[in-house]
Structure formats: C-alpha cells, structure tokens
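Asks: I am attaching a structure below and will ask some questions about it afterwards.
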Amino acid sequence: MNIFVLMKRTFDTEEKIVINNGAVSEDGAEFIINPYDEYAIEEAIQVRDKHGGEITVVTVGNEEAEKELRTALAMGCDKAVLINIEDDVEESDQYTTAKILAEYLKDKNPDLILAGNVAIDGGSGQVGPRVAELLGIPYVTTITKLDIDGSKVTVVRDVEGDEEIIETSLPLLVTAQQGLNEPRYPSLPGIMKAKKKPLEELELDDLDLEEDDVEAKTKTIEIFLPPKKEAGKILQGELVDQVKELVSLLHTEAKVV
Ligand SMILES: Cc1cc2nc3c(=O)[nH]c(=O)nc-3n(C[C@H](O)[C@H](O)[C@H](O)COP(=O)(O)OP(=O)(O)OC[C@H]3O[C@@H](n4cnc5c(N)ncnc54)[C@H](O)[C@@H]3O)c2cc1C
C-alpha cells in the first residue's frame, strides 16, 4: 500500500506564545509535530504493518522542519519529503499548502493519505479536505477508527461526541481525530535507523510550480492573544439577593441582558 502522511511543524501551544509585529515570535518558541499528525503517523504505521507497503511523510515548510521529519522517520515512517518554500513563497495560506501538496501527490498513486484533523496553530482544518478535492479522491474527516479490507474501507468518525460509520474505498484521504490510537514514542533503535532513511528536499521548481500558481487567496489582517481573564466574583448572602445581584451585574457590568 502506498501511504502518505501530511505533517505540519507547529508551535508548541503548551509553551508561552509571544506575538511580535502581528506574528507569533519564533524566538525561543518550541516546535513540535502537530499533535493530530502524530495520530496520522501512528495509524499509517499500523496500516503499513498490517497490509504492507511504504509510508512517506511530507511537509511544506522550511529546512527547520527536518527535525520533525526525522522524528516521524524514527517513529516508523519509511521516507520523508520536505517541500521547502522559504525562498519561493512570501505569503502562504491553506490554498498555497494544499496546492503544493496536491501537485506533489498527483503522480504518486497514493492509496491512502492521512492528515491531522486540524493544525493546533493555524487551526482551519482545511488542508486535508482541500488536497483530496484537488486530487479528486474521497475524504473522511475526524476519524477515530479505520478498517481496510481490500479496497473497501470502513471508517468511524467523531461527530461532536457521537459516531458516524462510513463505508468508502481506496484511494482515500482521512484526517485523524484524538482517540484514533495512542501514538508511539520513537525508540532508540528507531532514532538510529531514522538517520539513514531517505529525506528528499524539493522546491517549487521541482513540482513545475511558479510562485503565482500558489499565491495565497487570503490575507491574515491581525493576530492577537485573547484578553487576560479577570478574577471571578463570588456572590454572598441569601440566594434571593444573589440572584438579584447577578441579574444586575449581567445588566450593568457584563451588559449581556
Ligand atoms: C514556510 C511557511 C510560511 C508561511 N507563511 C504564512 C504567511 O505569510 N501568512 C499566513 O497567514 N500563514 C502562513 N503560513 C501558514 C500556512 O499558510 C498555514 O499554516 C497552512 O496553510 C496550514 O493551514 P492550517 O494551519 O489552518 O492547517 P489545517 O488545515 O488546520 O491543518 C490540517 C492538517 O493539514 C496538514 N497540513 C497543514 N499544513 C501543512 C503543511 N505545511 N505541510 C504538510 N501538511 C500540512 C496536516 O496534516 C494538518 O494536521 C506559512 C506556513 C509555512 C510552512
């Protein structure tokens, strides 16, 4: 089976994020594999181990992403591809990323493409479905279970706490939801092996793309942190008085009634 994982290098949102000149400051920021992409990688490994084949992990980014690609190789992916857009693309959006990924994938005959449900930084959840649309293949989002039997595929997807069971077929793109599996940590032998696994670096030219072909369709006007939470207020006294005070505060302070 020819398996591809779309992997994004993201800020670690567990760490303190600093905004500078309308963008997240990279100084001192920690970077990780987007957590939903770890589920995608783990699922790809389990599918490959059961059905055979090869996993290629692909990222669109800059050379800093080599570290996360090596981690994916250490987890068990077979090959990595970095599509380095740093010198060619000034402004990128979900269209840019999806177009580049689809151009890379279009002649690779993928059977299964796994992406994350959402990137924890950009957070649009667009890239996976856009890639599938561009390739003209079916896609199922937020999956929590994947069963492949020949070319028949049964998928369970999370629908805000409920489950939806979908039958579809290969070739297919799925996006991984939390609960799909328990991603493994790279083992020491895995880390040693990863150093020798192929990591190919491509640029737009190699995909016969010009900067104009991938020009962003959207522009981010502003990025800002949410306002600091004020300390809560605990009302005291008789219940009936508390209710009166609450209604009054909702009217005069919160201005919601
Ligand atoms: C070098 C670089 C420059 C950028 N410059 C700008 C800029 O100037 N302005 C701006 O607004 N944004 C910029 N971005 C951000 C970028 O446009 C978006 O982050 C990207 O389109 C993904 O959108 P998202 O975060 O909403 O991902 P989602 O759609 O939420 O991601 C869902 C899934 O899609 C896959 N995926 C997402 N991104 C990638 C990727 N890069 N490679 C492989 N798989 C991926 C992953 O599987 C991920 O889990 C830049 C990104 C890069 C890498």
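Every chain in the structure tokens has a letter given in the order shown (A, B, ...), and although residue numbers restart at 1 in each chain, ligands are simply numbered from 1 in the order shown.
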Enumerate as number ranges by chain the residues within 7 Å of ligand 1, counting only C-alpha atoms and all ligand atoms.
Replies: A: 5-8, 34, 36-37, 58-62, 85-86, 90-97, 114-128, 219-220
Asks: Please run DSSP on the backbone and report, as a PyMOL selection string, all residues within range 52-248 of chain A that come out as strand (DSSP E or B).
Replies: chain A and resi 54-61+79-84+112-116+139-149+152-159+162-169+172-176+199-202
Asks: I'd like to know which of A:Glu200, A:Glu38, A:Asp212, A:Glu103 is closest to Leu135 in chain A, using only C-alpha atoms.
Replies: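 Among the listed residues, the smallest separation from Leu135 in chain A belongs to A:Glu103.
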Asks: Have a look at A:Arg48, A:Glu64, A:Ala74, A:Ile100 and name the one nearest to Asp213 in chain A; count only C-alpha atoms.
Replies: A:Ile100
Asks: For the structure I just gave you, how does DSSP split range 15-159 of chain A - specifically, which residues are alpha helix (DSSP H)? Reply as an MDAnalysis selection string.
Replies: chainID A and resid 35:51 66:75 94:105 127:135
Asks: Please write the residues from the selection above to a file, keeping C-alpha atoms, as an mmCIF file, in the first residue's frame.
Replies:
```cif
data_model
loop_
_atom_site.group_PDB
_atom_site.id
_atom_site.type_symbol
_atom_site.label_atom_id
_atom_site.label_comp_id
_atom_site.auth_asym_id
_atom_site.auth_seq_id
_atom_site.Cartn_x
_atom_site.Cartn_y
_atom_site.Cartn_z
ATOM 1 C CA PRO A 35 -0.342 16.516 17.696
ATOM 2 C CA TYR A 36 -3.141 15.387 15.335
ATOM 3 C CA ASP A 37 -0.463 14.462 12.797
ATOM 4 C CA GLU A 38 1.072 12.123 15.400
ATOM 5 C CA TYR A 39 -2.210 10.162 15.300
ATOM 6 C CA ALA A 40 -1.973 10.171 11.486
ATOM 7 C CA ILE A 41 1.611 8.849 11.622
ATOM 8 C CA GLU A 42 0.727 6.124 14.153
ATOM 9 C CA GLU A 43 -2.269 4.985 12.084
ATOM 10 C CA ALA A 44 -0.134 4.912 8.924
ATOM 11 C CA ILE A 45 2.406 2.690 10.706
ATOM 12 C CA GLN A 46 -0.317 0.302 11.904
ATOM 13 C CA VAL A 47 -1.868 0.111 8.405
ATOM 14 C CA ARG A 48 1.564 -0.491 6.806
ATOM 15 C CA ASP A 49 2.440 -3.171 9.364
ATOM 16 C CA LYS A 50 -0.884 -4.966 8.706
ATOM 17 C CA HIS A 51 -1.220 -4.565 4.931
ATOM 18 C CA GLU A 66 13.839 18.409 9.032
ATOM 19 C CA LYS A 67 13.879 17.761 12.788
ATOM 20 C CA GLU A 68 10.178 16.853 12.910
ATOM 21 C CA LEU A 69 10.508 14.785 9.714
ATOM 22 C CA ARG A 70 13.351 12.804 11.347
ATOM 23 C CA THR A 71 11.109 12.246 14.367
ATOM 24 C CA ALA A 72 8.402 10.861 12.058
ATOM 25 C CA LEU A 73 11.020 8.567 10.485
ATOM 26 C CA ALA A 74 12.140 7.488 13.966
ATOM 27 C CA MET A 75 8.518 6.628 14.828
ATOM 28 C CA GLN A 94 -4.289 26.936 3.196
ATOM 29 C CA TYR A 95 -4.728 27.176 -0.590
ATOM 30 C CA THR A 96 -0.939 27.506 -1.022
ATOM 31 C CA THR A 97 -0.184 24.491 1.166
ATOM 32 C CA ALA A 98 -2.903 22.278 -0.317
ATOM 33 C CA LYS A 99 -1.993 23.163 -3.898
ATOM 34 C CA ILE A 100 1.680 22.315 -3.309
ATOM 35 C CA LEU A 101 0.842 19.030 -1.559
ATOM 36 C CA ALA A 102 -1.618 18.042 -4.311
ATOM 37 C CA GLU A 103 0.923 18.827 -7.052
ATOM 38 C CA TYR A 104 3.455 16.631 -5.249
ATOM 39 C CA LEU A 105 0.952 13.788 -4.777
ATOM 40 C CA VAL A 127 -5.598 21.392 4.203
ATOM 41 C CA GLY A 128 -6.620 17.697 4.194
ATOM 42 C CA PRO A 129 -10.031 18.172 2.503
ATOM 43 C CA ARG A 130 -8.550 20.668 0.018
ATOM 44 C CA VAL A 131 -5.839 18.176 -1.007
ATOM 45 C CA ALA A 132 -8.459 15.440 -1.535
ATOM 46 C CA GLU A 133 -10.602 17.796 -3.621
ATOM 47 C CA LEU A 134 -7.637 18.749 -5.790
ATOM 48 C CA LEU A 135 -6.750 15.078 -6.286
#
```
Asks: Just checking: using only C-alpha atoms, which residue out of A:Ile32, A:Ala23, A:Val257, A:Ala80 ends up closest to Glu201 in chain A?
Replies: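 The shortest atom-to-atom distance to Glu201 in chain A comes from A:Ala80.
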